[in-house]
file my_file-v3.cif (mmCIF, C-alpha atoms)
data_start
#
loop_
_atom_site.label_atom_id
_atom_site.label_comp_id
_atom_site.auth_asym_id
_atom_site.auth_seq_id
_atom_site.Cartn_x
_atom_site.Cartn_y
_atom_site.Cartn_z
CA MET U 1 -7.30 25.97 -0.78
CA ALA U 2 -10.78 25.03 -1.96
CA GLN U 3 -13.02 23.51 0.73
CA PHE U 4 -15.94 21.23 -0.04
CA GLU U 5 -18.60 20.36 2.51
CA GLY U 6 -21.28 17.72 2.79
CA GLY U 7 -23.65 17.17 -0.12
CA LYS U 8 -22.27 20.20 -1.96
CA PHE U 9 -19.02 18.35 -2.64
CA VAL U 10 -19.83 17.08 -6.15
CA GLN U 11 -21.37 20.35 -7.31
CA GLN U 12 -18.51 22.45 -5.92
CA LEU U 13 -15.88 20.09 -7.28
CA ALA U 14 -17.42 20.21 -10.74
CA GLN U 15 -17.49 24.02 -10.64
CA TYR U 16 -13.89 24.05 -9.45
CA HIS U 17 -12.74 21.87 -12.36
CA ARG U 18 -14.73 23.87 -14.91
CA ARG U 19 -13.12 27.03 -13.60
CA ASP U 20 -9.66 25.46 -13.45
CA SER U 21 -9.89 24.05 -16.98
CA ARG U 22 -9.99 27.57 -18.35
CA LEU U 23 -6.75 28.48 -16.63
CA PRO U 24 -3.35 27.99 -18.24
CA VAL U 25 -0.97 25.63 -16.47
CA GLY U 26 1.00 27.56 -13.88
CA ARG U 27 -1.36 30.56 -13.65
CA LYS U 28 -3.74 31.50 -10.83
CA PRO U 29 -7.05 33.34 -10.90
CA GLY U 30 -6.43 37.09 -11.06
CA ASP U 31 -3.13 36.84 -12.98
CA ALA U 32 -2.80 39.15 -15.95
CA ALA U 33 -4.05 37.62 -19.19
CA PRO U 34 -1.22 36.36 -21.41
CA ARG U 35 -0.53 37.62 -24.89
CA ARG U 36 -2.08 35.58 -27.71
CA GLU U 37 -1.79 35.08 -31.49
CA GLY U 38 1.37 33.03 -31.79
CA ASP U 39 3.14 34.72 -28.89
CA ASP U 40 5.22 32.28 -26.79
CA GLN U 41 3.31 33.55 -23.75
CA GLY U 42 0.08 31.91 -25.03
CA GLN U 43 -1.99 29.84 -22.66
CA ILE U 44 -1.46 26.14 -22.03
CA LEU U 45 -4.99 24.94 -21.35
CA THR U 46 -5.86 21.76 -19.48
CA THR U 47 -8.68 19.48 -20.58
CA ARG U 48 -9.85 16.08 -19.35
CA VAL U 49 -8.05 14.42 -22.28
CA GLY U 50 -4.82 16.40 -22.42
CA LEU U 51 -3.19 19.77 -22.96
CA LYS U 52 -3.86 22.45 -25.54
CA ILE U 53 -0.41 23.87 -26.18
CA PRO U 54 0.13 27.01 -28.31
CA PRO U 55 2.15 26.57 -31.54
CA VAL U 56 5.00 28.70 -30.16
CA LEU U 57 6.16 28.25 -26.58
CA SER U 58 9.44 29.25 -24.92
CA TYR U 59 11.54 26.56 -23.29
CA ASP U 60 11.19 28.29 -19.92
CA ARG U 61 7.38 28.14 -20.02
CA TRP U 62 7.41 24.56 -21.34
CA GLU U 63 9.71 23.52 -18.45
CA LYS U 64 7.60 25.32 -15.83
CA ALA U 65 4.45 23.67 -17.18
CA GLY U 66 6.10 20.26 -16.78
CA LEU U 67 7.02 21.01 -13.18
CA HIS U 68 3.47 22.14 -12.47
CA ILE U 69 1.98 18.98 -14.03
CA PHE U 70 4.43 16.78 -12.13
CA ARG U 71 3.46 18.39 -8.81
CA ILE U 72 -0.21 17.73 -9.52
CA ALA U 73 0.44 14.09 -10.47
CA ASP U 74 2.76 13.55 -7.51
CA SER U 75 0.36 15.05 -4.98
CA SER U 76 -2.50 12.97 -6.39
CA ALA U 77 -0.63 9.79 -5.39
CA TRP U 78 -0.44 11.03 -1.80
CA CYS U 79 -4.07 12.17 -1.83
CA LEU U 80 -5.35 8.87 -3.23
CA GLY U 81 -3.24 6.96 -0.69
CA ASP U 82 -4.62 9.02 2.20
CA TRP U 83 -8.14 8.61 0.83
CA LEU U 84 -7.85 4.82 0.76
CA VAL U 85 -6.22 4.63 4.20
CA TYR U 86 -9.13 6.61 5.64
CA GLY U 87 -11.64 4.34 3.90
CA GLN U 88 -9.90 1.21 5.17
CA GLU U 89 -9.94 2.50 8.73
CA ARG U 90 -13.40 4.11 8.74
CA TYR U 91 -15.39 1.93 6.32
CA ALA U 92 -13.67 -1.44 6.45
CA ASP U 93 -16.75 -3.24 5.13
CA ARG U 94 -17.51 -0.80 2.32
CA TYR U 95 -14.36 0.98 1.15
CA GLN U 96 -13.68 -1.43 -1.73
CA THR U 97 -17.17 -0.68 -3.06
CA GLY U 98 -16.22 3.01 -3.04
CA VAL U 99 -13.03 2.25 -4.96
CA GLU U 100 -14.96 0.32 -7.61
CA ALA U 101 -17.60 3.05 -7.85
CA ALA U 102 -14.87 5.62 -8.51
CA GLY U 103 -13.50 3.42 -11.32
CA LEU U 104 -10.03 3.32 -9.77
CA ASP U 105 -7.47 0.50 -9.98
CA TYR U 106 -7.46 -1.16 -6.58
CA GLN U 107 -3.93 -2.57 -6.78
CA THR U 108 -2.49 0.83 -7.68
CA LEU U 109 -4.39 2.42 -4.80
CA ARG U 110 -3.11 -0.26 -2.43
CA ASN U 111 0.44 0.69 -3.38
CA TYR U 112 -0.33 4.37 -2.79
CA ALA U 113 -1.96 3.55 0.55
CA TRP U 114 0.98 1.38 1.60
CA VAL U 115 3.38 4.32 1.16
CA ALA U 116 0.96 6.87 2.65
CA ARG U 117 0.46 4.71 5.74
CA HIS U 118 4.23 4.59 6.33
CA PHE U 119 4.65 8.37 6.15
CA GLU U 120 2.45 10.61 8.25
CA LEU U 121 2.13 14.14 6.89
CA GLY U 122 4.87 15.55 9.09
CA ARG U 123 7.49 13.18 7.63
CA ARG U 124 6.69 13.79 3.96
CA ARG U 125 9.19 15.94 2.08
CA GLU U 126 7.70 18.47 -0.30
CA THR U 127 10.97 18.71 -2.22
CA LEU U 128 10.97 14.96 -2.92
CA SER U 129 8.58 12.94 -5.03
CA PHE U 130 6.16 10.25 -3.96
CA GLY U 131 8.53 7.83 -5.69
CA HIS U 132 11.39 8.84 -3.38
CA HIS U 133 9.25 7.95 -0.38
CA ALA U 134 8.16 4.66 -1.96
CA GLU U 135 11.80 3.61 -2.33
CA VAL U 136 12.39 3.76 1.44
CA ALA U 137 8.92 2.93 2.77
CA SER U 138 9.94 -0.62 3.73
CA LEU U 139 12.76 0.64 5.99
CA PRO U 140 12.39 1.43 9.70
CA PRO U 141 11.28 5.08 10.10
CA ALA U 142 14.65 6.36 11.35
CA GLN U 143 16.50 4.79 8.42
CA ALA U 144 13.91 6.00 5.94
CA ASP U 145 14.21 9.56 7.26
CA THR U 146 18.00 9.41 7.03
CA TRP U 147 17.86 8.38 3.38
CA LEU U 148 15.28 11.06 2.59
CA ASP U 149 17.51 13.63 4.30
CA ARG U 150 20.40 12.61 2.07
CA ALA U 151 18.27 12.69 -1.07
CA GLU U 152 16.92 16.11 -0.14
CA GLN U 153 20.29 17.63 0.75
CA GLN U 154 22.13 16.24 -2.26
CA GLY U 155 19.35 16.65 -4.80
CA TRP U 156 19.14 12.97 -5.70
CA SER U 157 16.58 11.83 -8.24
CA ARG U 158 14.46 8.80 -7.36
CA ASN U 159 16.72 6.62 -9.52
CA ARG U 160 19.83 7.98 -7.80
CA LEU U 161 18.29 7.20 -4.40
CA ARG U 162 17.46 3.68 -5.60
CA LEU U 163 21.07 3.22 -6.75
CA ARG U 164 22.45 4.40 -3.41
CA LEU U 165 20.12 2.05 -1.55
CA ARG U 166 21.21 -0.84 -3.75
CA GLU U 167 24.87 -0.05 -3.14
CA SER U 168 24.20 0.10 0.60
CA ARG U 169 22.48 -3.29 0.56
CA GLN U 170 25.27 -4.83 -1.47
CA GLY U 171 27.83 -3.48 1.01
CA ALA U 172 25.83 -4.90 3.90
CA ARG U 173 25.69 -8.31 2.21
CA ALA U 174 29.46 -8.28 1.82
CA ALA U 175 29.82 -8.43 5.62
CA PRO U 176 29.56 -11.84 7.32
CA LEU U 177 25.92 -12.62 7.98
CA VAL U 178 24.05 -15.46 9.58
CA ARG U 179 21.89 -16.65 6.72
CA ALA U 180 18.75 -18.73 6.69
CA SER U 181 17.49 -20.76 3.76
CA LEU U 182 14.01 -20.14 2.43
CA PRO U 183 11.77 -22.99 1.31
CA ARG U 184 11.67 -23.70 -2.42
CA ILE U 185 8.55 -22.23 -3.97
CA SER U 186 6.86 -23.64 -7.06
CA ALA U 187 4.88 -21.22 -9.20
CA PRO U 188 3.39 -21.23 -12.71
CA VAL U 189 5.76 -20.00 -15.41
CA ASP U 190 3.55 -17.03 -16.30
CA ARG U 191 3.66 -15.75 -12.72
CA VAL U 192 7.44 -16.08 -12.53
CA GLU U 193 7.79 -14.20 -15.82
CA ARG U 194 5.49 -11.48 -14.48
CA TRP U 195 7.72 -11.14 -11.40
CA ARG U 196 10.84 -10.97 -13.57
CA GLU U 197 9.22 -8.28 -15.73
CA ALA U 198 8.40 -6.23 -12.63
CA ALA U 199 12.02 -6.54 -11.43
CA SER U 200 13.39 -5.46 -14.82
CA LYS U 201 11.16 -2.37 -14.86
CA VAL U 202 12.83 -1.06 -11.71
CA GLU U 203 16.26 -2.26 -12.89
CA GLU U 204 16.60 -4.66 -9.98
CA ASN U 205 18.34 -8.02 -9.88
CA PHE U 206 15.53 -10.59 -9.66
CA GLU U 207 16.68 -12.03 -6.32
CA GLU U 208 17.12 -8.53 -4.86
CA TRP U 209 13.64 -7.58 -6.10
CA ILE U 210 12.20 -10.62 -4.30
CA ARG U 211 13.97 -9.62 -1.05
CA VAL U 212 12.67 -6.05 -1.28
CA ALA U 213 9.13 -7.26 -2.05
CA LEU U 214 9.22 -9.60 0.95
CA ASP U 215 10.56 -6.82 3.19
CA ARG U 216 7.71 -4.54 2.11
CA ALA U 217 5.11 -7.24 2.65
CA ALA U 218 6.53 -8.00 6.11
CA ALA U 219 6.58 -4.30 7.06
CA HIS U 220 2.97 -3.96 5.90
CA GLU U 221 1.75 -6.97 7.87
CA LEU U 222 3.73 -6.06 11.01
CA GLY U 223 2.66 -2.40 10.87
CA ASP U 224 6.26 -1.10 10.76
#

call {"tool": "encode", "arguments": {"input": "my_file-v3.cif", "output": "structure tokens"}}
result
Amino acid sequence: MAQFEGGKFVQQLAQYHRRDSRLPVGRKPGDAAPRREGDDQGQILTTRVGLKIPPVLSYDRWEKAGLHIFRIADSSAWCLGDWLVYGQERYADRYQTGVEAAGLDYQTLRNYAWVARHFELGRRRETLSFGHHAEVASLPPAQADTWLDRAEQQGWSRNRLRLRLRESRQGARAAPLVRASLPRISAPVDRVERWREAASKVEENFEEWIRVALDRAAAHELGD
């Protein structure tokens, strides 16, 4: 693992990326050089604006490259979440300035931080995606861990985990419950449509999406 210290961080990080950009996806320094000239073992090179993929590539190498890219993208969500949590706790008066200076989307980072805050390192599952953890982040820790155990043991995708959670909630609602009425809320049409669009993107019933969003907001505010 590369380590960066003090004022050398930027210089070392730049050198690291320049070195890494010359490596094919899935290879490490010191690996034997791949065959070239149309061979399906040709290098897949990473650049800041995309991949340089050889004209001929076996399915196996294409699939492995996808897994490698996914792991990088998935770990970056955790890393950005941890980074923001640290900034919020250590530099409460300045962390948003750091976010803006880095050119990052604050709302996206807040979502990453919300999930990262609910899962300390020891509870994160390497075999599951950041999205799996996000699906259960609003649950009490014991329940969240139980669902992650099931997803891990049975090889559920994030969508499969979401479906199982939805079925569980629907089963719970079928039992007699003491219900409370919420106050009617008036909102501009454009905001309501935006909420409906968000619910449709995760294939949630609109009312269920509202309940989940409120549960997450309550868990965040109460520090669950």

call {"tool": "resolve_selection", "arguments": {"input": "my_file-v3.cif", "expression": "the PyMOL selection byres ((chain U and resi 110-119) around 12)", "output": "ChimeraX atom specification"}}
result
/U:74-89,95-96,99,104-109,120-125,129-142,144-145,148,213,216-224

call {"tool": "atom_distance", "arguments": {"input": "my_file-v3.cif", "atom1": "CA of Lys52 (chain U)", "atom2": "CA of His68 (chain U)"}}
result
15.0 Å

call {"tool": "atom_distance", "arguments": {"input": "my_file-v3.cif", "atom1": "CA of Leu128 (chain U)", "atom2": "CA of Trp209 (chain U)"}}
result
22.9 Å

call {"tool": "atom_distance", "arguments": {"input": "my_file-v3.cif", "atom1": "CA of Glu167 (chain U)", "atom2": "CA of Trp147 (chain U)"}}
result
12.8 Å

call {"tool": "axis_aligned_box", "arguments": {"input": "my_file-v3.cif", "around": "region 131-137 of chain U", "padding_each_side": "4 Å", "output": "lines of an AutoDock Vina configuration file"}}
result
center_x = 10.3
center_y = 5.9
center_z = -1.5
size_x = 12.2
size_y = 13.9
size_z = 16.5

call {"tool": "closest_residue", "arguments": {"input": "my_file-v3.cif", "among": "U:Val189, U:Arg164, U:Gly50, U:Ile69", "to": "Arg150 (chain U)", "atoms": "all atoms listed in the file"}}
result
U:Arg164

call {"tool": "decode", "arguments": {"input": "my_file-v3.cif", "residues": "region 38-172 of chain U", "atoms": "C-alpha atoms", "output": "short mmCIF file (atom, residue, chain, number, x, y, z; two decimals), in the first residue's frame"}}
result
data_model
loop_
_atom_site.label_atom_id
_atom_site.label_comp_id
_atom_site.auth_asym_id
_atom_site.auth_seq_id
_atom_site.Cartn_x
_atom_site.Cartn_y
_atom_site.Cartn_z
CA GLY U 38 -3.46 -7.76 -31.85
CA ASP U 39 -3.00 -10.50 -29.26
CA ASP U 40 -5.96 -10.80 -26.85
CA GLN U 41 -3.45 -10.45 -24.01
CA GLY U 42 -2.77 -6.79 -24.98
CA GLN U 43 -2.78 -4.16 -22.29
CA ILE U 44 -5.87 -2.30 -21.12
CA LEU U 45 -4.46 1.09 -20.21
CA THR U 46 -6.12 3.57 -17.86
CA THR U 47 -6.18 7.29 -18.56
CA ARG U 48 -7.90 10.19 -16.81
CA VAL U 49 -10.62 10.17 -19.49
CA GLY U 50 -11.19 6.46 -19.97
CA LEU U 51 -9.72 3.13 -21.04
CA LYS U 52 -7.52 2.25 -23.99
CA ILE U 53 -8.71 -1.23 -24.89
CA PRO U 54 -6.89 -3.39 -27.48
CA PRO U 55 -8.86 -4.33 -30.63
CA VAL U 56 -8.91 -8.00 -29.64
CA LEU U 57 -9.61 -9.00 -26.04
CA SER U 58 -10.77 -12.33 -24.61
CA TYR U 59 -13.98 -12.44 -22.62
CA ASP U 60 -12.08 -13.62 -19.55
CA ARG U 61 -9.78 -10.58 -19.57
CA TRP U 62 -12.66 -8.21 -20.32
CA GLU U 63 -14.61 -9.64 -17.36
CA LYS U 64 -11.61 -9.43 -15.01
CA ALA U 65 -11.01 -5.82 -16.04
CA GLY U 66 -14.62 -4.99 -15.16
CA LEU U 67 -14.25 -6.56 -11.72
CA HIS U 68 -11.05 -4.61 -11.14
CA ILE U 69 -12.66 -1.31 -12.17
CA PHE U 70 -15.71 -2.02 -10.00
CA ARG U 71 -13.50 -2.64 -6.95
CA ILE U 72 -11.74 0.68 -7.49
CA ALA U 73 -15.03 2.57 -7.90
CA ASP U 74 -16.62 0.80 -4.92
CA SER U 75 -13.66 1.43 -2.61
CA SER U 76 -13.58 5.09 -3.65
CA ALA U 77 -17.09 5.55 -2.21
CA TRP U 78 -15.88 4.23 1.15
CA CYS U 79 -12.70 6.31 1.00
CA LEU U 80 -14.54 9.52 0.14
CA GLY U 81 -17.07 8.83 2.90
CA ASP U 82 -14.32 8.28 5.47
CA TRP U 83 -12.53 11.39 4.24
CA LEU U 84 -15.61 13.56 4.73
CA VAL U 85 -16.43 12.06 8.14
CA TYR U 86 -12.91 12.89 9.30
CA GLY U 87 -13.22 16.44 7.97
CA GLN U 88 -16.58 16.94 9.67
CA GLU U 89 -15.19 15.77 12.99
CA ARG U 90 -11.76 17.42 12.82
CA TYR U 91 -12.41 20.58 10.78
CA ALA U 92 -16.06 21.37 11.39
CA ASP U 93 -15.60 25.01 10.41
CA ARG U 94 -13.56 24.36 7.27
CA TYR U 95 -14.34 20.95 5.80
CA GLN U 96 -16.91 22.25 3.30
CA THR U 97 -14.26 24.60 1.93
CA GLY U 98 -12.06 21.55 1.38
CA VAL U 99 -14.88 19.79 -0.45
CA GLU U 100 -15.39 22.77 -2.75
CA ALA U 101 -11.65 23.11 -3.36
CA ALA U 102 -11.51 19.47 -4.44
CA GLY U 103 -14.36 20.10 -6.90
CA LEU U 104 -16.49 17.32 -5.41
CA ASP U 105 -20.29 17.15 -5.23
CA TYR U 106 -21.20 17.82 -1.62
CA GLN U 107 -24.55 16.01 -1.66
CA THR U 108 -22.97 12.87 -3.08
CA LEU U 109 -20.24 13.01 -0.45
CA ARG U 110 -22.85 13.45 2.28
CA ASN U 111 -24.49 10.23 1.14
CA TYR U 112 -21.13 8.45 1.18
CA ALA U 113 -20.36 9.85 4.63
CA TRP U 114 -23.78 8.84 5.95
CA VAL U 115 -23.12 5.20 5.03
CA ALA U 116 -19.47 5.28 6.16
CA ARG U 117 -20.47 6.69 9.55
CA HIS U 118 -22.90 3.80 10.09
CA PHE U 119 -20.31 1.12 9.33
CA GLU U 120 -16.97 1.18 11.10
CA LEU U 121 -14.21 -0.65 9.23
CA GLY U 122 -14.66 -3.88 11.15
CA ARG U 123 -18.29 -4.24 10.03
CA ARG U 124 -17.71 -3.62 6.31
CA ARG U 125 -17.87 -6.69 4.10
CA GLU U 126 -15.24 -6.88 1.38
CA THR U 127 -17.35 -9.34 -0.60
CA LEU U 128 -20.29 -6.90 -0.73
CA SER U 129 -20.53 -3.56 -2.47
CA PHE U 130 -20.91 -0.12 -0.97
CA GLY U 131 -24.47 -0.24 -2.34
CA HIS U 132 -25.27 -3.33 -0.26
CA HIS U 133 -24.26 -1.45 2.87
CA ALA U 134 -26.24 1.64 1.83
CA GLU U 135 -29.40 -0.47 1.56
CA VAL U 136 -29.27 -1.42 5.26
CA ALA U 137 -27.55 1.63 6.75
CA SER U 138 -30.80 2.97 8.23
CA LEU U 139 -31.39 -0.24 10.22
CA PRO U 140 -30.15 -0.85 13.77
CA PRO U 141 -26.63 -2.33 13.64
CA ALA U 142 -27.67 -5.87 14.63
CA GLN U 143 -30.36 -5.99 11.94
CA ALA U 144 -28.05 -4.49 9.34
CA ASP U 145 -25.38 -7.10 10.10
CA THR U 146 -27.94 -9.89 9.84
CA TRP U 147 -29.03 -8.75 6.39
CA LEU U 148 -25.42 -8.36 5.25
CA ASP U 149 -24.70 -11.88 6.51
CA ARG U 150 -27.56 -13.22 4.41
CA ALA U 151 -26.48 -11.29 1.34
CA GLU U 152 -22.90 -12.51 1.76
CA GLN U 153 -23.81 -16.15 2.36
CA GLN U 154 -26.37 -16.37 -0.44
CA GLY U 155 -24.55 -14.21 -2.96
CA TRP U 156 -27.31 -11.64 -3.30
CA SER U 157 -26.82 -8.67 -5.60
CA ARG U 158 -27.68 -5.24 -4.23
CA ASN U 159 -31.02 -5.37 -6.07
CA ARG U 160 -31.78 -8.80 -4.63
CA LEU U 161 -31.03 -7.49 -1.12
CA ARG U 162 -33.31 -4.51 -1.76
CA LEU U 163 -36.09 -6.87 -2.89
CA ARG U 164 -35.72 -9.04 0.21
CA LEU U 165 -35.82 -5.97 2.44
CA ARG U 166 -38.96 -4.75 0.69
CA GLU U 167 -40.63 -8.13 1.12
CA SER U 168 -39.68 -8.12 4.80
CA ARG U 169 -41.17 -4.65 5.30
CA GLN U 170 -44.35 -5.62 3.49
CA GLY U 171 -44.68 -8.70 5.69
CA ALA U 172 -44.19 -6.58 8.80
#
